[in-house]
file upload.pdb (PDB, C-alpha atoms)
ATOM      1  CA  MET A   2      27.992  69.786  10.973  1.00  0.00           C
ATOM      2  CA  LYS A   3      24.434  69.849  12.299  1.00  0.00           C
ATOM      3  CA  ILE A   4      25.024  73.308  13.773  1.00  0.00           C
ATOM      4  CA  VAL A   5      26.429  74.573  10.467  1.00  0.00           C
ATOM      5  CA  GLY A   6      23.451  73.157   8.608  1.00  0.00           C
ATOM      6  CA  PHE A   7      21.069  74.764  11.071  1.00  0.00           C
ATOM      7  CA  ILE A   8      22.767  78.148  10.662  1.00  0.00           C
ATOM      8  CA  VAL A   9      22.656  77.864   6.857  1.00  0.00           C
ATOM      9  CA  ALA A  10      18.941  77.017   7.002  1.00  0.00           C
ATOM     10  CA  ILE A  11      18.266  80.040   9.229  1.00  0.00           C
ATOM     11  CA  VAL A  12      20.193  82.324   6.859  1.00  0.00           C
ATOM     12  CA  ILE A  13      18.247  80.997   3.865  1.00  0.00           C
ATOM     13  CA  LEU A  14      14.948  81.525   5.671  1.00  0.00           C
ATOM     14  CA  LEU A  15      15.971  85.095   6.538  1.00  0.00           C
ATOM     15  CA  ILE A  16      16.922  85.832   2.937  1.00  0.00           C
ATOM     16  CA  VAL A  17      13.659  84.398   1.617  1.00  0.00           C
ATOM     17  CA  GLY A  18      11.739  86.407   4.212  1.00  0.00           C
ATOM     18  CA  LEU A  19      13.495  89.628   3.223  1.00  0.00           C
ATOM     19  CA  ILE A  20      12.805  88.996  -0.470  1.00  0.00           C
ATOM     20  CA  MET A  21       9.118  88.335   0.192  1.00  0.00           C
ATOM     21  CA  ALA A  22       8.836  91.416   2.418  1.00  0.00           C
ATOM     22  CA  SER A  23      10.523  93.528  -0.251  1.00  0.00           C
ATOM     23  CA  LYS A  24       8.069  92.282  -2.884  1.00  0.00           C
ATOM     24  CA  ARG A  25       5.103  93.051  -0.615  1.00  0.00           C
ATOM     25  CA  ILE A  26       6.387  96.596  -0.030  1.00  0.00           C
ATOM     26  CA  GLU A  27       6.975  97.081  -3.758  1.00  0.00           C
ATOM     27  CA  LYS A  28       3.460  95.841  -4.548  1.00  0.00           C
ATOM     28  CA  LYS A  29       1.983  98.159  -1.913  1.00  0.00           C
ATOM     29  CA  ASP A  30       3.960 101.146  -3.237  1.00  0.00           C
ATOM     30  CA  LYS A  31       2.878 100.424  -6.794  1.00  0.00           C
ATOM     31  CA  GLY A  32      -0.723 100.182  -5.654  1.00  0.00           C
ATOM     32  CA  SER A  33      -0.548 103.572  -3.927  1.00  0.00           C
ATOM     33  CA  LEU A  34       0.911 105.149  -7.075  1.00  0.00           C
ATOM     34  CA  VAL A  35      -1.876 103.696  -9.220  1.00  0.00           C
ATOM     35  CA  GLU A  36      -4.438 105.023  -6.731  1.00  0.00           C
ATOM     36  CA  MET A  37      -2.886 108.491  -6.939  1.00  0.00           C
ATOM     37  CA  GLU A  38      -2.957 108.371 -10.747  1.00  0.00           C
ATOM     38  CA  MET A  39      -6.632 107.405 -10.712  1.00  0.00           C
ATOM     39  CA  THR A  40      -7.450 110.187  -8.238  1.00  0.00           C
ATOM     40  CA  ASN A  41      -5.546 112.827 -10.219  1.00  0.00           C
ATOM     41  CA  PRO A  42      -5.924 111.793 -13.862  1.00  0.00           C
ATOM     42  CA  LEU A  43      -4.106 113.757 -16.545  1.00  0.00           C
ATOM     43  CA  PRO A  44      -4.526 113.763 -20.337  1.00  0.00           C
ATOM     44  CA  LYS A  45      -1.901 111.838 -22.265  1.00  0.00           C
ATOM     45  CA  GLU A  46      -0.181 114.957 -23.592  1.00  0.00           C
ATOM     46  CA  LYS A  47       0.540 116.155 -20.053  1.00  0.00           C
ATOM     47  CA  GLN A  48       1.704 112.719 -18.923  1.00  0.00           C
ATOM     48  CA  HIS A  49       4.092 112.816 -21.876  1.00  0.00           C
ATOM     49  CA  LEU A  50       5.588 116.057 -20.547  1.00  0.00           C
ATOM     50  CA  LEU A  51       6.056 114.539 -17.088  1.00  0.00           C
ATOM     51  CA  ALA A  52       7.996 111.642 -18.620  1.00  0.00           C
ATOM     52  CA  TYR A  53      11.006 113.969 -18.776  1.00  0.00           C
ATOM     53  CA  GLY A  54      11.060 113.968 -14.972  1.00  0.00           C
ATOM     54  CA  ALA A  55      10.574 110.223 -14.534  1.00  0.00           C
ATOM     55  CA  ASN A  56      14.091 109.461 -13.281  1.00  0.00           C
ATOM     56  CA  LEU A  57      13.822 111.569 -10.160  1.00  0.00           C
ATOM     57  CA  SER A  58      10.117 110.829  -9.662  1.00  0.00           C
ATOM     58  CA  LEU A  59      10.715 107.091  -9.379  1.00  0.00           C
ATOM     59  CA  TYR A  60      13.836 107.645  -7.295  1.00  0.00           C
ATOM     60  CA  ARG A  61      11.613 109.399  -4.758  1.00  0.00           C
ATOM     61  CA  SER A  62       8.927 106.680  -5.072  1.00  0.00           C
ATOM     62  CA  GLU A  63       6.516 109.120  -6.730  1.00  0.00           C
ATOM     63  CA  SER A  64       4.341 108.622  -9.778  1.00  0.00           C
ATOM     64  CA  PRO A  65       5.773 110.231 -12.934  1.00  0.00           C
ATOM     65  CA  ARG A  66       2.240 110.629 -14.322  1.00  0.00           C
ATOM     66  CA  VAL A  67       0.677 113.205 -11.966  1.00  0.00           C
ATOM     67  CA  LEU A  68       1.516 116.584 -10.449  1.00  0.00           C
ATOM     68  CA  PRO A  69       0.659 115.770  -6.788  1.00  0.00           C
ATOM     69  CA  VAL A  70       3.231 113.990  -4.617  1.00  0.00           C
ATOM     70  CA  LYS A  71       2.781 111.687  -1.629  1.00  0.00           C
ATOM     71  CA  VAL A  72       5.256 113.374   0.684  1.00  0.00           C
ATOM     72  CA  ASP A  73       3.972 115.753   3.358  1.00  0.00           C
ATOM     73  CA  HIS A  74       4.094 119.339   2.105  1.00  0.00           C
ATOM     74  CA  GLU A  75       5.966 120.633   5.134  1.00  0.00           C
ATOM     75  CA  GLU A  76       8.573 117.950   4.627  1.00  0.00           C
ATOM     76  CA  LEU A  77       8.738 118.917   0.961  1.00  0.00           C
ATOM     77  CA  LYS A  78       9.244 122.569   1.900  1.00  0.00           C
ATOM     78  CA  GLU A  79      12.077 121.602   4.201  1.00  0.00           C
ATOM     79  CA  GLY A  80      13.683 119.568   1.418  1.00  0.00           C
ATOM     80  CA  LEU A  81      13.435 122.416  -1.095  1.00  0.00           C
ATOM     81  CA  SER A  82      14.977 124.774   1.432  1.00  0.00           C
ATOM     82  CA  SER A  83      17.857 122.554   2.515  1.00  0.00           C
ATOM     83  CA  ALA A  84      18.752 121.057  -0.874  1.00  0.00           C
ATOM     84  CA  TRP A  85      17.884 123.913  -3.212  1.00  0.00           C
ATOM     85  CA  ASP A  86      17.728 127.114  -1.122  1.00  0.00           C
ATOM     86  CA  ILE A  87      14.109 127.521  -2.229  1.00  0.00           C
ATOM     87  CA  SER A  88      11.861 129.080   0.409  1.00  0.00           C
ATOM     88  CA  ASN A  89       9.589 131.351  -1.635  1.00  0.00           C
ATOM     89  CA  PRO A  90       8.210 131.924  -5.148  1.00  0.00           C
ATOM     90  CA  GLU A  91      11.111 134.140  -6.219  1.00  0.00           C
ATOM     91  CA  GLU A  92      13.726 131.540  -5.304  1.00  0.00           C
ATOM     92  CA  ALA A  93      11.710 128.778  -7.003  1.00  0.00           C
ATOM     93  CA  ALA A  94      11.546 130.815 -10.223  1.00  0.00           C
ATOM     94  CA  GLN A  95      15.268 131.601 -10.020  1.00  0.00           C
ATOM     95  CA  ILE A  96      16.292 127.947  -9.656  1.00  0.00           C
ATOM     96  CA  LEU A  97      13.930 126.804 -12.398  1.00  0.00           C
ATOM     97  CA  GLU A  98      15.258 129.423 -14.809  1.00  0.00           C
ATOM     98  CA  TRP A  99      18.816 128.384 -13.959  1.00  0.00           C
ATOM     99  CA  LEU A 100      18.085 124.705 -14.609  1.00  0.00           C
ATOM    100  CA  LEU A 101      16.400 125.456 -17.927  1.00  0.00           C
ATOM    101  CA  THR A 102      18.887 127.975 -19.301  1.00  0.00           C
ATOM    102  CA  GLU A 103      22.217 126.991 -17.736  1.00  0.00           C
ATOM    103  CA  GLY A 104      22.196 124.276 -15.082  1.00  0.00           C
ATOM    104  CA  HIS A 105      25.151 122.060 -14.283  1.00  0.00           C
ATOM    105  CA  ARG A 106      25.691 121.407 -17.998  1.00  0.00           C
ATOM    106  CA  ALA A 107      27.270 124.838 -18.475  1.00  0.00           C
ATOM    107  CA  LYS A 108      30.042 123.968 -16.015  1.00  0.00           C
ATOM    108  CA  TYR A 109      30.483 120.229 -16.390  1.00  0.00           C
ATOM    109  CA  GLU A 110      29.945 119.367 -20.057  1.00  0.00           C
ATOM    110  CA  PRO A 111      33.526 120.367 -20.961  1.00  0.00           C
ATOM    111  CA  LEU A 112      34.690 117.849 -18.344  1.00  0.00           C
ATOM    112  CA  LEU A 113      32.391 115.159 -19.781  1.00  0.00           C
ATOM    113  CA  MET A 114      33.824 115.712 -23.269  1.00  0.00           C
ATOM    114  CA  ALA A 115      37.384 115.638 -21.917  1.00  0.00           C
ATOM    115  CA  LEU A 116      36.708 112.350 -20.120  1.00  0.00           C
ATOM    116  CA  GLN A 117      35.129 110.872 -23.237  1.00  0.00           C
ATOM    117  CA  ALA A 118      38.220 111.916 -25.196  1.00  0.00           C
ATOM    118  CA  GLY A 119      40.332 109.871 -22.802  1.00  0.00           C
ATOM    119  CA  GLN A 120      41.880 112.670 -20.778  1.00  0.00           C
ATOM    120  CA  SER A 121      42.828 111.828 -17.217  1.00  0.00           C
ATOM    121  CA  PHE A 122      42.598 114.083 -14.181  1.00  0.00           C
ATOM    122  CA  THR A 123      43.748 113.985 -10.585  1.00  0.00           C
ATOM    123  CA  GLN A 124      41.314 114.072  -7.674  1.00  0.00           C
ATOM    124  CA  GLU A 125      42.672 117.509  -6.808  1.00  0.00           C
ATOM    125  CA  GLU A 126      41.566 118.722 -10.234  1.00  0.00           C
ATOM    126  CA  VAL A 127      38.083 117.225 -10.525  1.00  0.00           C
ATOM    127  CA  GLY A 128      37.241 115.708  -7.150  1.00  0.00           C
ATOM    128  CA  LYS A 129      35.406 112.377  -7.468  1.00  0.00           C
ATOM    129  CA  SER A 130      33.882 113.236 -10.859  1.00  0.00           C
ATOM    130  CA  GLN A 131      36.241 111.083 -12.944  1.00  0.00           C
ATOM    131  CA  GLU A 132      35.937 108.108 -10.603  1.00  0.00           C
ATOM    132  CA  CYS A 133      32.128 108.381 -10.526  1.00  0.00           C
ATOM    133  CA  TYR A 134      31.955 108.754 -14.316  1.00  0.00           C
ATOM    134  CA  LYS A 135      33.890 105.522 -14.850  1.00  0.00           C
ATOM    135  CA  SER A 136      31.856 103.747 -12.177  1.00  0.00           C
ATOM    136  CA  ALA A 137      28.611 104.906 -13.830  1.00  0.00           C
ATOM    137  CA  GLN A 138      29.613 103.318 -17.125  1.00  0.00           C
ATOM    138  CA  ASP A 139      30.570 100.057 -15.428  1.00  0.00           C
ATOM    139  CA  VAL A 140      27.268  99.878 -13.559  1.00  0.00           C
ATOM    140  CA  MET A 141      25.169 100.620 -16.656  1.00  0.00           C
ATOM    141  CA  MET A 142      27.056  98.012 -18.676  1.00  0.00           C
ATOM    142  CA  LYS A 143      26.666  95.346 -15.979  1.00  0.00           C
ATOM    143  CA  LYS A 144      23.119  96.050 -14.808  1.00  0.00           C
ATOM    144  CA  LEU A 145      21.443  97.443 -17.935  1.00  0.00           C
ATOM    145  CA  SER A 146      23.526  95.700 -20.630  1.00  0.00           C
ATOM    146  CA  PHE A 147      24.520  99.025 -22.184  1.00  0.00           C
ATOM    147  CA  ALA A 148      27.429  99.053 -24.638  1.00  0.00           C
ATOM    148  CA  LYS A 149      30.278 101.532 -24.992  1.00  0.00           C
ATOM    149  CA  SER A 150      28.703 102.704 -28.240  1.00  0.00           C
ATOM    150  CA  ASP A 151      25.658 103.813 -26.227  1.00  0.00           C
ATOM    151  CA  PHE A 152      27.846 106.119 -24.141  1.00  0.00           C
ATOM    152  CA  ASP A 153      29.636 107.507 -27.188  1.00  0.00           C
ATOM    153  CA  ARG A 154      26.332 108.929 -28.474  1.00  0.00           C
ATOM    154  CA  VAL A 155      25.754 111.055 -25.374  1.00  0.00           C
ATOM    155  CA  ASN A 156      27.900 114.174 -24.997  1.00  0.00           C
ATOM    156  CA  THR A 157      25.652 116.156 -22.685  1.00  0.00           C
ATOM    157  CA  ILE A 158      24.376 116.016 -19.101  1.00  0.00           C
ATOM    158  CA  ALA A 159      21.332 118.118 -20.041  1.00  0.00           C
ATOM    159  CA  ALA A 160      18.902 115.409 -18.891  1.00  0.00           C
ATOM    160  CA  TRP A 161      20.280 115.845 -15.359  1.00  0.00           C
ATOM    161  CA  ASP A 162      19.106 119.473 -15.487  1.00  0.00           C
ATOM    162  CA  PHE A 163      15.820 118.920 -17.337  1.00  0.00           C
ATOM    163  CA  ASP A 164      14.666 116.001 -15.177  1.00  0.00           C
ATOM    164  CA  ARG A 165      15.327 118.050 -12.047  1.00  0.00           C
ATOM    165  CA  ALA A 166      13.544 121.072 -13.547  1.00  0.00           C
ATOM    166  CA  VAL A 167      10.385 119.000 -14.074  1.00  0.00           C
ATOM    167  CA  ASN A 168      10.453 117.846 -10.466  1.00  0.00           C
ATOM    168  CA  ILE A 169      11.334 121.219  -8.956  1.00  0.00           C
ATOM    169  CA  ALA A 170       8.315 122.601 -10.830  1.00  0.00           C
ATOM    170  CA  ARG A 171       6.129 119.820  -9.381  1.00  0.00           C
ATOM    171  CA  TRP A 172       7.365 120.336  -5.849  1.00  0.00           C
ATOM    172  CA  SER A 173       7.161 124.123  -6.030  1.00  0.00           C
ATOM    173  CA  TYR A 174       3.568 123.845  -7.216  1.00  0.00           C
ATOM    174  CA  ASN A 175       2.692 121.371  -4.457  1.00  0.00           C
ATOM    175  CA  VAL A 176       3.950 123.688  -1.712  1.00  0.00           C
ATOM    176  CA  GLY A 177       2.307 126.764  -3.255  1.00  0.00           C
ATOM    177  CA  TYR A 178       5.364 128.614  -4.546  1.00  0.00           C
ATOM    178  CA  ILE A 179       4.099 128.605  -8.135  1.00  0.00           C
ATOM    179  CA  THR A 180       0.693 128.104  -9.760  1.00  0.00           C
ATOM    180  CA  GLU A 181      -0.304 125.010 -11.699  1.00  0.00           C
ATOM    181  CA  GLU A 182      -0.162 127.026 -14.915  1.00  0.00           C
ATOM    182  CA  GLN A 183       3.366 128.158 -14.112  1.00  0.00           C
ATOM    183  CA  ALA A 184       4.396 124.586 -13.253  1.00  0.00           C
ATOM    184  CA  TRP A 185       3.202 123.292 -16.613  1.00  0.00           C
ATOM    185  CA  GLY A 186       4.993 126.163 -18.322  1.00  0.00           C
ATOM    186  CA  TYR A 187       8.325 125.138 -16.809  1.00  0.00           C
ATOM    187  CA  ILE A 188       7.703 121.437 -17.443  1.00  0.00           C
ATOM    188  CA  GLU A 189       6.844 122.080 -21.088  1.00  0.00           C
ATOM    189  CA  ARG A 190       9.994 124.164 -21.526  1.00  0.00           C
ATOM    190  CA  ALA A 191      12.091 121.290 -20.151  1.00  0.00           C
ATOM    191  CA  ALA A 192      10.436 118.823 -22.542  1.00  0.00           C
ATOM    192  CA  ASP A 193      10.794 121.175 -25.512  1.00  0.00           C
ATOM    193  CA  ALA A 194      14.492 121.672 -24.740  1.00  0.00           C
ATOM    194  CA  ALA A 195      15.123 117.922 -24.420  1.00  0.00           C
ATOM    195  CA  ARG A 196      13.378 116.700 -27.574  1.00  0.00           C
ATOM    196  CA  PRO A 197      15.889 118.014 -30.145  1.00  0.00           C
ATOM    197  CA  ILE A 198      18.872 116.780 -28.135  1.00  0.00           C
ATOM    198  CA  PHE A 199      18.019 113.133 -27.441  1.00  0.00           C
ATOM    199  CA  GLN A 200      17.185 110.335 -29.830  1.00  0.00           C
ATOM    200  CA  SER A 201      15.904 107.863 -27.233  1.00  0.00           C
ATOM    201  CA  TRP A 202      15.031 107.460 -23.580  1.00  0.00           C
ATOM    202  CA  LYS A 203      18.162 105.330 -23.222  1.00  0.00           C
ATOM    203  CA  ASP A 204      20.239 108.355 -24.232  1.00  0.00           C
ATOM    204  CA  TYR A 205      18.239 110.481 -21.800  1.00  0.00           C
ATOM    205  CA  PHE A 206      18.942 108.058 -18.947  1.00  0.00           C
ATOM    206  CA  ILE A 207      22.658 107.957 -19.751  1.00  0.00           C
ATOM    207  CA  SER A 208      22.759 111.756 -19.787  1.00  0.00           C
ATOM    208  CA  PHE A 209      21.006 111.894 -16.407  1.00  0.00           C
ATOM    209  CA  ALA A 210      23.380 109.266 -14.987  1.00  0.00           C
ATOM    210  CA  PHE A 211      26.463 111.104 -16.272  1.00  0.00           C
ATOM    211  CA  GLY A 212      25.157 114.315 -14.715  1.00  0.00           C
ATOM    212  CA  ARG A 213      24.628 112.621 -11.366  1.00  0.00           C
ATOM    213  CA  ALA A 214      28.092 111.077 -11.550  1.00  0.00           C
ATOM    214  CA  ILE A 215      30.062 114.127 -12.691  1.00  0.00           C
ATOM    215  CA  ALA A 216      28.207 117.153 -11.299  1.00  0.00           C
ATOM    216  CA  TYR A 217      26.825 115.549  -8.157  1.00  0.00           C
ATOM    217  CA  GLU A 218      29.794 113.190  -7.733  1.00  0.00           C
ATOM    218  CA  GLY A 219      27.290 110.501  -6.855  1.00  0.00           C
ATOM    219  CA  ASP A 220      27.134 106.732  -7.170  1.00  0.00           C
ATOM    220  CA  ILE A 221      24.422 105.912  -9.713  1.00  0.00           C
ATOM    221  CA  TYR A 222      23.717 102.439  -8.319  1.00  0.00           C
ATOM    222  CA  ASP A 223      20.608 103.722  -6.524  1.00  0.00           C
ATOM    223  CA  ILE A 224      19.039 104.976  -9.774  1.00  0.00           C
ATOM    224  CA  ILE A 225      19.840 101.885 -11.843  1.00  0.00           C
ATOM    225  CA  TRP A 226      16.719  99.992 -10.791  1.00  0.00           C
ATOM    226  CA  ASP A 227      14.528 102.936 -11.752  1.00  0.00           C
ATOM    227  CA  GLY A 228      16.242 103.001 -15.140  1.00  0.00           C
ATOM    228  CA  LYS A 229      15.604  99.283 -15.502  1.00  0.00           C
ATOM    229  CA  LYS A 230      11.907  99.819 -14.802  1.00  0.00           C
ATOM    230  CA  LEU A 231      11.583 102.807 -17.116  1.00  0.00           C
ATOM    231  CA  LEU A 232      13.404 101.158 -20.007  1.00  0.00           C
ATOM    232  CA  GLY A 233      12.339  97.565 -19.498  1.00  0.00           C
ATOM    233  CA  GLU A 234       8.815  97.389 -18.100  1.00  0.00           C
ATOM    234  CA  ALA A 235       6.100  97.281 -20.748  1.00  0.00           C
ATOM    235  CA  ASP A 236       3.766  99.607 -18.840  1.00  0.00           C
ATOM    236  CA  SER A 237       6.387 102.239 -17.976  1.00  0.00           C
ATOM    237  CA  ILE A 238       5.833 105.832 -18.989  1.00  0.00           C
ATOM    238  CA  TRP A 239       8.903 105.724 -21.239  1.00  0.00           C
ATOM    239  CA  ASN A 240       7.556 102.722 -23.142  1.00  0.00           C
ATOM    240  CA  GLU A 241       4.217 104.427 -23.591  1.00  0.00           C
ATOM    241  CA  PHE A 242       5.564 107.701 -24.965  1.00  0.00           C
ATOM    242  CA  SER A 243       8.289 108.464 -27.468  1.00  0.00           C
ATOM    243  CA  ILE A 244      10.965 110.919 -26.415  1.00  0.00           C
ATOM    244  CA  LYS A 245      10.139 113.049 -29.458  1.00  0.00           C
TER     245      LYS A 245
END

call {"tool": "encode", "arguments": {"input": "upload.pdb", "output": "C-alpha cells"}}
result
Amino acid sequence: MKIVGFIVAIVILLIVGLIMASKRIEKKDKGSLVEMEMTNPLPKEKQHLLAYGANLSLYRSESPRVLPVKVDHEELKEGLSSAWDISNPEEAAQILEWLLTEGHRAKYEPLLMALQAGQSFTQEEVGKSQECYKSAQDVMMKKLSFAKSDFDRVNTIAAWDFDRAVNIARWSYNVGYITEEQAWGYIERAADAARPIFQSWKDYFISFAFGRAIAYEGDIYDIIWDGKKLLGEADSIWNEFSIK
C-alpha cells in the first residue's frame, strides 16, 4: 500500500508540474505577442480586418492584431511552398484569388448541405469528411457548449477560405511575395466577403470548423481552445470588434 501511495503521489506531482509549466509557457507566449503588438501597432480599423484571420493566427501562436509573424521567414517560405505550392509572387496571387473567389467552398458546400439534410455517405464516397463533420459537432457541443441550433444556422464553409486568405496574405507579405498594400487589399476583400454572410463570430468559427472537418478531413480538437479564447476571453479580438 505504501508503494502504491508513493506512486500516486509522484504521479500527482508530475501532473501539477506539467500544469504549472504549461501555464508558464502560455504566459510567456502571451507576453511575446503583446510585445509584438506594441512594436508593430495598427489602427483599430486594420485590426478589425485581421480579426477575420484570427482562427489560424492563434492556431500558429501568432498575434491576430499585426501583420508581422514570429516565425523565421525562411521557415515560412518553406511552409508556403510545401503546403500551398507558393514560391513566388505569381503563385501567391493565384492562391489568394482562388481562396477569395472559389476556395474549398465551391467543391464542398454541397456535401455540407447534404450532411445537414441527414444524408449518409460511405467512406469510399466522401473519405473521412462525414466522420470528421460529426466529430466536429460533438466537440463543439462538449467543449464550447454549442447547441444543434447553432449548427443549423451555418450552411457554408466560407470562413475556412476567408480565414486562410487573410493569413496567406500576411505570410506572403512577410516573405516578400506581395507588398503591404497588396496584402491589405486581399485582407480587406476577405473581410468584405465575410460580413454579409455571417451574423456572429460564433457562426464564423463554426463555418471554419466545418471547413477544416469536411475539406481538410481534420480533427478540430486542436482549434477548439483557440475558439474558446476568441469567443470567451474579454480581451480577445473577436470581443473587441463586431463581425459586421

call {"tool": "atom_distance", "arguments": {"input": "upload.pdb", "atom1": "CA of Ile96 in chain A", "atom2": "CA of Asn56 in chain A"}}
result
19.0 Å

call {"tool": "resolve_selection", "arguments": {"input": "upload.pdb", "expression": "the PyMOL selection byres ((chain A and resi 38) around 10)", "output": "number ranges by chain"}}
result
A: 32-37, 39-43, 64-69

call {"tool": "closest_atom_pairs", "arguments": {"input": "upload.pdb", "of": "range 86-147 of chain A", "to": "range 198-222 of chain A", "cutoff": "12 Å", "atoms": "only C-alpha atoms", "output": "tab-separated table"}}
result
residue	atom	partner	partner_atom	distance
A:Gly104	CA	A:Ala216	CA	10.1
A:His105	CA	A:Ala216	CA	6.5
A:Arg106	CA	A:Gly212	CA	7.8
A:Ala107	CA	A:Ala216	CA	10.6
A:Lys108	CA	A:Ala216	CA	8.5
A:Tyr109	CA	A:Ala216	CA	6.4
A:Glu110	CA	A:Gly212	CA	8.8
A:Pro111	CA	A:Ile215	CA	10.9
A:Leu112	CA	A:Ile215	CA	8.2
A:Leu113	CA	A:Ile215	CA	7.5
A:Met114	CA	A:Phe211	CA	11.2
A:Ala115	CA	A:Ile215	CA	11.9
A:Leu116	CA	A:Ile215	CA	10.1
A:Gln117	CA	A:Phe211	CA	11.1
A:Gln124	CA	A:Glu218	CA	11.6
A:Val127	CA	A:Ile215	CA	8.9
A:Gly128	CA	A:Glu218	CA	7.9
A:Lys129	CA	A:Glu218	CA	5.7
A:Ser130	CA	A:Ile215	CA	4.3
A:Gln131	CA	A:Ile215	CA	6.9
A:Glu132	CA	A:Ala214	CA	8.4
A:Cys133	CA	A:Ala214	CA	5.0
A:Tyr134	CA	A:Ala214	CA	5.3
A:Lys135	CA	A:Ala214	CA	8.7
A:Ser136	CA	A:Asp220	CA	7.5
A:Ala137	CA	A:Ile221	CA	6.0
A:Gln138	CA	A:Phe211	CA	8.4
A:Asp139	CA	A:Tyr222	CA	10.2
A:Val140	CA	A:Tyr222	CA	6.8
A:Met141	CA	A:Ile207	CA	8.3
A:Met142	CA	A:Ile207	CA	10.9
A:Lys143	CA	A:Tyr222	CA	10.8
A:Lys144	CA	A:Tyr222	CA	9.1
A:Leu145	CA	A:Lys203	CA	10.0
A:Ser146	CA	A:Lys203	CA	11.3
A:Phe147	CA	A:Lys203	CA	9.0

call {"tool": "write_last_selection", "arguments": {"input": "upload.pdb", "atoms": "C-alpha atoms", "output": "PDB file, in the frame of the given file"}}
result
ATOM      1  CA  GLY A 104      22.196 124.276 -15.082  1.00  0.00           C
ATOM      2  CA  HIS A 105      25.151 122.060 -14.283  1.00  0.00           C
ATOM      3  CA  ARG A 106      25.691 121.407 -17.998  1.00  0.00           C
ATOM      4  CA  ALA A 107      27.270 124.838 -18.475  1.00  0.00           C
ATOM      5  CA  LYS A 108      30.042 123.968 -16.015  1.00  0.00           C
ATOM      6  CA  TYR A 109      30.483 120.229 -16.390  1.00  0.00           C
ATOM      7  CA  GLU A 110      29.945 119.367 -20.057  1.00  0.00           C
ATOM      8  CA  PRO A 111      33.526 120.367 -20.961  1.00  0.00           C
ATOM      9  CA  LEU A 112      34.690 117.849 -18.344  1.00  0.00           C
ATOM     10  CA  LEU A 113      32.391 115.159 -19.781  1.00  0.00           C
ATOM     11  CA  MET A 114      33.824 115.712 -23.269  1.00  0.00           C
ATOM     12  CA  ALA A 115      37.384 115.638 -21.917  1.00  0.00           C
ATOM     13  CA  LEU A 116      36.708 112.350 -20.120  1.00  0.00           C
ATOM     14  CA  GLN A 117      35.129 110.872 -23.237  1.00  0.00           C
ATOM     15  CA  GLN A 124      41.314 114.072  -7.674  1.00  0.00           C
ATOM     16  CA  VAL A 127      38.083 117.225 -10.525  1.00  0.00           C
ATOM     17  CA  GLY A 128      37.241 115.708  -7.150  1.00  0.00           C
ATOM     18  CA  LYS A 129      35.406 112.377  -7.468  1.00  0.00           C
ATOM     19  CA  SER A 130      33.882 113.236 -10.859  1.00  0.00           C
ATOM     20  CA  GLN A 131      36.241 111.083 -12.944  1.00  0.00           C
ATOM     21  CA  GLU A 132      35.937 108.108 -10.603  1.00  0.00           C
ATOM     22  CA  CYS A 133      32.128 108.381 -10.526  1.00  0.00           C
ATOM     23  CA  TYR A 134      31.955 108.754 -14.316  1.00  0.00           C
ATOM     24  CA  LYS A 135      33.890 105.522 -14.850  1.00  0.00           C
ATOM     25  CA  SER A 136      31.856 103.747 -12.177  1.00  0.00           C
ATOM     26  CA  ALA A 137      28.611 104.906 -13.830  1.00  0.00           C
ATOM     27  CA  GLN A 138      29.613 103.318 -17.125  1.00  0.00           C
ATOM     28  CA  ASP A 139      30.570 100.057 -15.428  1.00  0.00           C
ATOM     29  CA  VAL A 140      27.268  99.878 -13.559  1.00  0.00           C
ATOM     30  CA  MET A 141      25.169 100.620 -16.656  1.00  0.00           C
ATOM     31  CA  MET A 142      27.056  98.012 -18.676  1.00  0.00           C
ATOM     32  CA  LYS A 143      26.666  95.346 -15.979  1.00  0.00           C
ATOM     33  CA  LYS A 144      23.119  96.050 -14.808  1.00  0.00           C
ATOM     34  CA  LEU A 145      21.443  97.443 -17.935  1.00  0.00           C
ATOM     35  CA  SER A 146      23.526  95.700 -20.630  1.00  0.00           C
ATOM     36  CA  PHE A 147      24.520  99.025 -22.184  1.00  0.00           C
TER      37      PHE A 147
END

call {"tool": "residues_around", "arguments": {"input": "upload.pdb", "residues": "Ala170 in chain A", "least_positions_apart": "4", "cutoff": "12 Å", "atoms": "only C-alpha atoms", "output": "tab-separated table (two decimals) with C-alpha atoms, keeping the file's coordinate frame"}}
result
chain	number	residue	atom	x	y	z
A	51	LEU	CA	6.06	114.54	-17.09
A	54	GLY	CA	11.06	113.97	-14.97
A	58	SER	CA	10.12	110.83	-9.66
A	68	LEU	CA	1.52	116.58	-10.45
A	69	PRO	CA	0.66	115.77	-6.79
A	70	VAL	CA	3.23	113.99	-4.62
A	81	LEU	CA	13.44	122.42	-1.10
A	87	ILE	CA	14.11	127.52	-2.23
A	90	PRO	CA	8.21	131.92	-5.15
A	92	GLU	CA	13.73	131.54	-5.30
A	93	ALA	CA	11.71	128.78	-7.00
A	94	ALA	CA	11.55	130.82	-10.22
A	95	GLN	CA	15.27	131.60	-10.02
A	96	ILE	CA	16.29	127.95	-9.66
A	97	LEU	CA	13.93	126.80	-12.40
A	98	GLU	CA	15.26	129.42	-14.81
A	100	LEU	CA	18.08	124.70	-14.61
A	101	LEU	CA	16.40	125.46	-17.93
A	163	PHE	CA	15.82	118.92	-17.34
A	164	ASP	CA	14.67	116.00	-15.18
A	165	ARG	CA	15.33	118.05	-12.05
A	166	ALA	CA	13.54	121.07	-13.55
A	174	TYR	CA	3.57	123.84	-7.22
A	175	ASN	CA	2.69	121.37	-4.46
A	176	VAL	CA	3.95	123.69	-1.71
A	177	GLY	CA	2.31	126.76	-3.26
A	178	TYR	CA	5.36	128.61	-4.55
A	179	ILE	CA	4.10	128.60	-8.14
A	180	THR	CA	0.69	128.10	-9.76
A	181	GLU	CA	-0.30	125.01	-11.70
A	182	GLU	CA	-0.16	127.03	-14.92
A	183	GLN	CA	3.37	128.16	-14.11
A	184	ALA	CA	4.40	124.59	-13.25
A	185	TRP	CA	3.20	123.29	-16.61
A	186	GLY	CA	4.99	126.16	-18.32
A	187	TYR	CA	8.32	125.14	-16.81
A	188	ILE	CA	7.70	121.44	-17.44
A	189	GLU	CA	6.84	122.08	-21.09
A	190	ARG	CA	9.99	124.16	-21.53
A	191	ALA	CA	12.09	121.29	-20.15

call {"tool": "closest_residue", "arguments": {"input": "upload.pdb", "among": "A:Leu231, A:Ala195, A:Ala84, A:Ile224", "to": "Ile244 in chain A", "atoms": "all atoms listed in the file"}}
result
A:Ala195
